[in-house]
Amino acid sequence: MHEYSVAEGIVLSVKSLMREEGLSEVSEVTVSVGDLAQIDKEVLLELLKILSSEYGLGNVKYVIVSEETTFKCNYCGFSWSWSSVKDSILKDLCGDIVECDNPVHFIPDLINVFMKCPNCGSQDYSILTGYDVRLVSIKGVK
Amino acid sequence: MSGVKDYKEYMILDKLRGIKRAVLIGSGKGGVGKSTITALLGLRMRNLGISVGILDADLHGSSIPYILGMSSEVGVEAVKGGFKPLEIHGIKVMSLRMFVGDRPVPLRGERKKEVLKYLLSMTLWGTLDYLLIDLPPGMGDEQLTLMKYLKGPHVVVTIPTKTSIDVSLRYFKFVNDLGFNIPVIVINNLVNSTIDDELLTKLRKVAPVGKYIIIPYCSEIEYSLSTGTIPKIVIEPIDNLIDCIR
């Protein structure tokens, strides 16, 4: 369900950017998805196509690029990736279900509430790469 | 075109479209009763037939759901298009507590800004006469982020002590210098002290707002609010406060 909100946000942004940049048509939109957001990329792509049509954007090609989320501890300097800890964190959040609607899926910035640095246990760390869902580029004609 | 803006920025305007007026309740100082005043305003507005929502923007010290008697077990519900606010005593409430429960929230500035942008861009308020924003103490990320998107009037809350009034006056200046309307200062007498004329004179001199409202001490306020009722003693001052922000 959250994928719908993200897709709608992207389509609304593309529409607004078209107006701001004076584009008459958008041909390609690239979206980067950090794996921390746990977004189902196939569902997102499908929803982007449906909503583009509903919002009158026409036949836009969406390119979804996956990005690995990495962290660096501000306390001990240790670096790690979401993929290396994902299973244990999701088990805490979702129980025995493999994936679920969880707070980090809804708001990736809340990861600091639910995960500690694997080296020192601090909750003070930064997201280095793969932050959230980002609109990376738009190609169109004026 | 590359390096385009955060998609949440565009959604925020869309989600706030149905709100007739946003009122920000702040102080600069902690423990002066901002959340209590916000809850009182929300309940009284609801009793008067005004549709009202509360955004609990105190990310580290969220207390609105607790004050209004919500169980800490209640989680957020994601529906088509965003997060459904919880309805407590007829008030629509959005709070980070619905995402994190009783866990501590250790977030640095940039993360806090993004969390607030998520709450603003994803909460399905629908149409509301008033959205009340319960601000945390301070003059930092939360205030600056919310003031970018919500241009409504501010209610400044203080308690009748020198320390609180000193910080609240700095907060007043901070908000006033940014061009926001401050129609009223609330003196919340939660310490049950005699209100010193000298302090009031100083307040009036430094912060010449339209009105000062004193909320009298009320020992049963916490219990009343958790059951969705308002103690009689505070109804009149809260009605005066509503008149100030209309």
# chains A, B, ... in the order shown; residues from 1 in each chain; ligands from 1

$ interface_residues --of "chain A" --to "chain B" --cutoff "10 Å" --atoms "only C-alpha atoms" --output "ChimeraX atom specification"
/A:1-17,21,29-30,101-104,106-114,122-127,133-140

$ select_by_dssp --residues "stretch 63-213 of chain B" --states "alpha helix (DSSP H)" --output "count of residues only"
57

$ residues_around --residues "A:Ser83" --least-positions-apart "5" --cutoff "10 Å" --atoms "only C-alpha atoms" --output "ChimeraX atom specification"
/A:35-36,68-70

$ closest_residue --among "A:Cys117, A:Val63, A:Val33, A:Val141" --to "A:Glu46" --atoms "only C-alpha atoms"
A:Val63

$ select_by_dssp --residues "stretch 46-224 of chain B" --states "strand (DSSP E)" --output "ChimeraX atom specification"
/B:52-56,77-79,82-84,86-88,91-95,128-134,154-158,184-188,211-215

$ residues_around --residues "stretch 95-99 of chain A" --least-positions-apart "6" --cutoff "12 Å" --atoms "only C-alpha atoms" --output "PyMOL selection string"
chain A and resi 37-40+86-89+105

$ closest_residue --among "B:Ala22, B:Leu43, B:Met147, B:Leu169" --to "B:Asp239" --atoms "only C-alpha atoms"
B:Leu43

$ atom_distance --atom1 "atom CA of B:Ile238" --atom2 "atom CA of B:Leu41"
6.5 Å

$ atom_distance --atom1 "atom CA of B:Leu178" --atom2 "atom CA of B:His154"
11.4 Å

$ decode --residues "stretch 29-40 of chain A" --atoms "all heavy atoms" --output "compact mmCIF listing (two decimals), in the first residue's frame"
# COMPACT_ATOMS: atom_id res chain seq x y z
N VAL A 29 11.90 9.02 -16.86
CA VAL A 29 12.11 9.44 -15.47
C VAL A 29 12.92 8.35 -14.76
O VAL A 29 12.58 7.17 -14.83
CB VAL A 29 10.75 9.62 -14.72
CG1 VAL A 29 10.97 9.91 -13.24
CG2 VAL A 29 9.94 10.75 -15.36
N THR A 30 14.02 8.76 -14.12
CA THR A 30 14.83 7.79 -13.38
C THR A 30 14.61 7.97 -11.88
O THR A 30 14.69 9.09 -11.37
CB THR A 30 16.33 7.94 -13.73
OG1 THR A 30 16.46 7.81 -15.15
CG2 THR A 30 17.18 6.89 -13.05
N VAL A 31 14.32 6.86 -11.22
CA VAL A 31 14.05 6.88 -9.78
C VAL A 31 15.04 5.94 -9.10
O VAL A 31 15.23 4.81 -9.53
CB VAL A 31 12.60 6.39 -9.50
CG1 VAL A 31 12.31 6.34 -8.01
CG2 VAL A 31 11.58 7.27 -10.21
N SER A 32 15.68 6.45 -8.06
CA SER A 32 16.60 5.60 -7.31
C SER A 32 15.89 5.10 -6.04
O SER A 32 15.23 5.88 -5.35
CB SER A 32 17.83 6.45 -6.93
OG SER A 32 18.52 5.84 -5.90
N VAL A 33 16.03 3.81 -5.77
CA VAL A 33 15.36 3.22 -4.60
C VAL A 33 16.40 2.57 -3.69
O VAL A 33 17.02 1.57 -4.07
CB VAL A 33 14.30 2.18 -5.04
CG1 VAL A 33 13.65 1.53 -3.82
CG2 VAL A 33 13.24 2.81 -5.92
N GLY A 34 16.59 3.15 -2.53
CA GLY A 34 17.50 2.55 -1.55
C GLY A 34 16.85 1.31 -0.95
O GLY A 34 15.63 1.33 -0.68
N ASP A 35 17.62 0.25 -0.73
CA ASP A 35 16.97 -1.00 -0.29
C ASP A 35 16.44 -0.92 1.14
O ASP A 35 15.57 -1.70 1.53
CB ASP A 35 17.86 -2.25 -0.52
CG ASP A 35 19.21 -2.16 0.14
OD1 ASP A 35 19.44 -1.21 0.90
OD2 ASP A 35 20.04 -3.06 -0.10
N LEU A 36 16.88 0.08 1.92
CA LEU A 36 16.35 0.25 3.27
C LEU A 36 14.84 0.51 3.27
O LEU A 36 14.12 0.10 4.19
CB LEU A 36 17.08 1.43 3.95
CG LEU A 36 16.63 1.83 5.35
CD1 LEU A 36 16.93 0.73 6.36
CD2 LEU A 36 17.31 3.14 5.78
N ALA A 37 14.35 1.18 2.20
CA ALA A 37 12.93 1.53 2.12
C ALA A 37 12.04 0.31 1.87
O ALA A 37 10.82 0.41 1.99
CB ALA A 37 12.70 2.58 1.04
N GLN A 38 12.63 -0.82 1.54
CA GLN A 38 11.88 -2.08 1.33
C GLN A 38 10.72 -1.89 0.35
O GLN A 38 9.61 -2.38 0.58
CB GLN A 38 11.35 -2.61 2.66
CG GLN A 38 12.40 -2.78 3.75
CD GLN A 38 11.79 -2.71 5.12
OE1 GLN A 38 10.90 -3.49 5.45
NE2 GLN A 38 12.25 -1.77 5.94
N ILE A 39 10.99 -1.18 -0.73
CA ILE A 39 9.96 -0.93 -1.73
C ILE A 39 9.94 -2.09 -2.73
O ILE A 39 11.00 -2.52 -3.21
CB ILE A 39 10.26 0.40 -2.48
CG1 ILE A 39 10.13 1.60 -1.52
CG2 ILE A 39 9.39 0.56 -3.71
CD1 ILE A 39 8.73 1.96 -1.09
N ASP A 40 8.76 -2.58 -3.03
CA ASP A 40 8.61 -3.61 -4.06
C ASP A 40 8.71 -2.89 -5.40
O ASP A 40 7.78 -2.17 -5.82
CB ASP A 40 7.26 -4.31 -3.89
CG ASP A 40 7.10 -5.48 -4.85
OD1 ASP A 40 7.57 -5.37 -6.01
OD2 ASP A 40 6.51 -6.50 -4.45
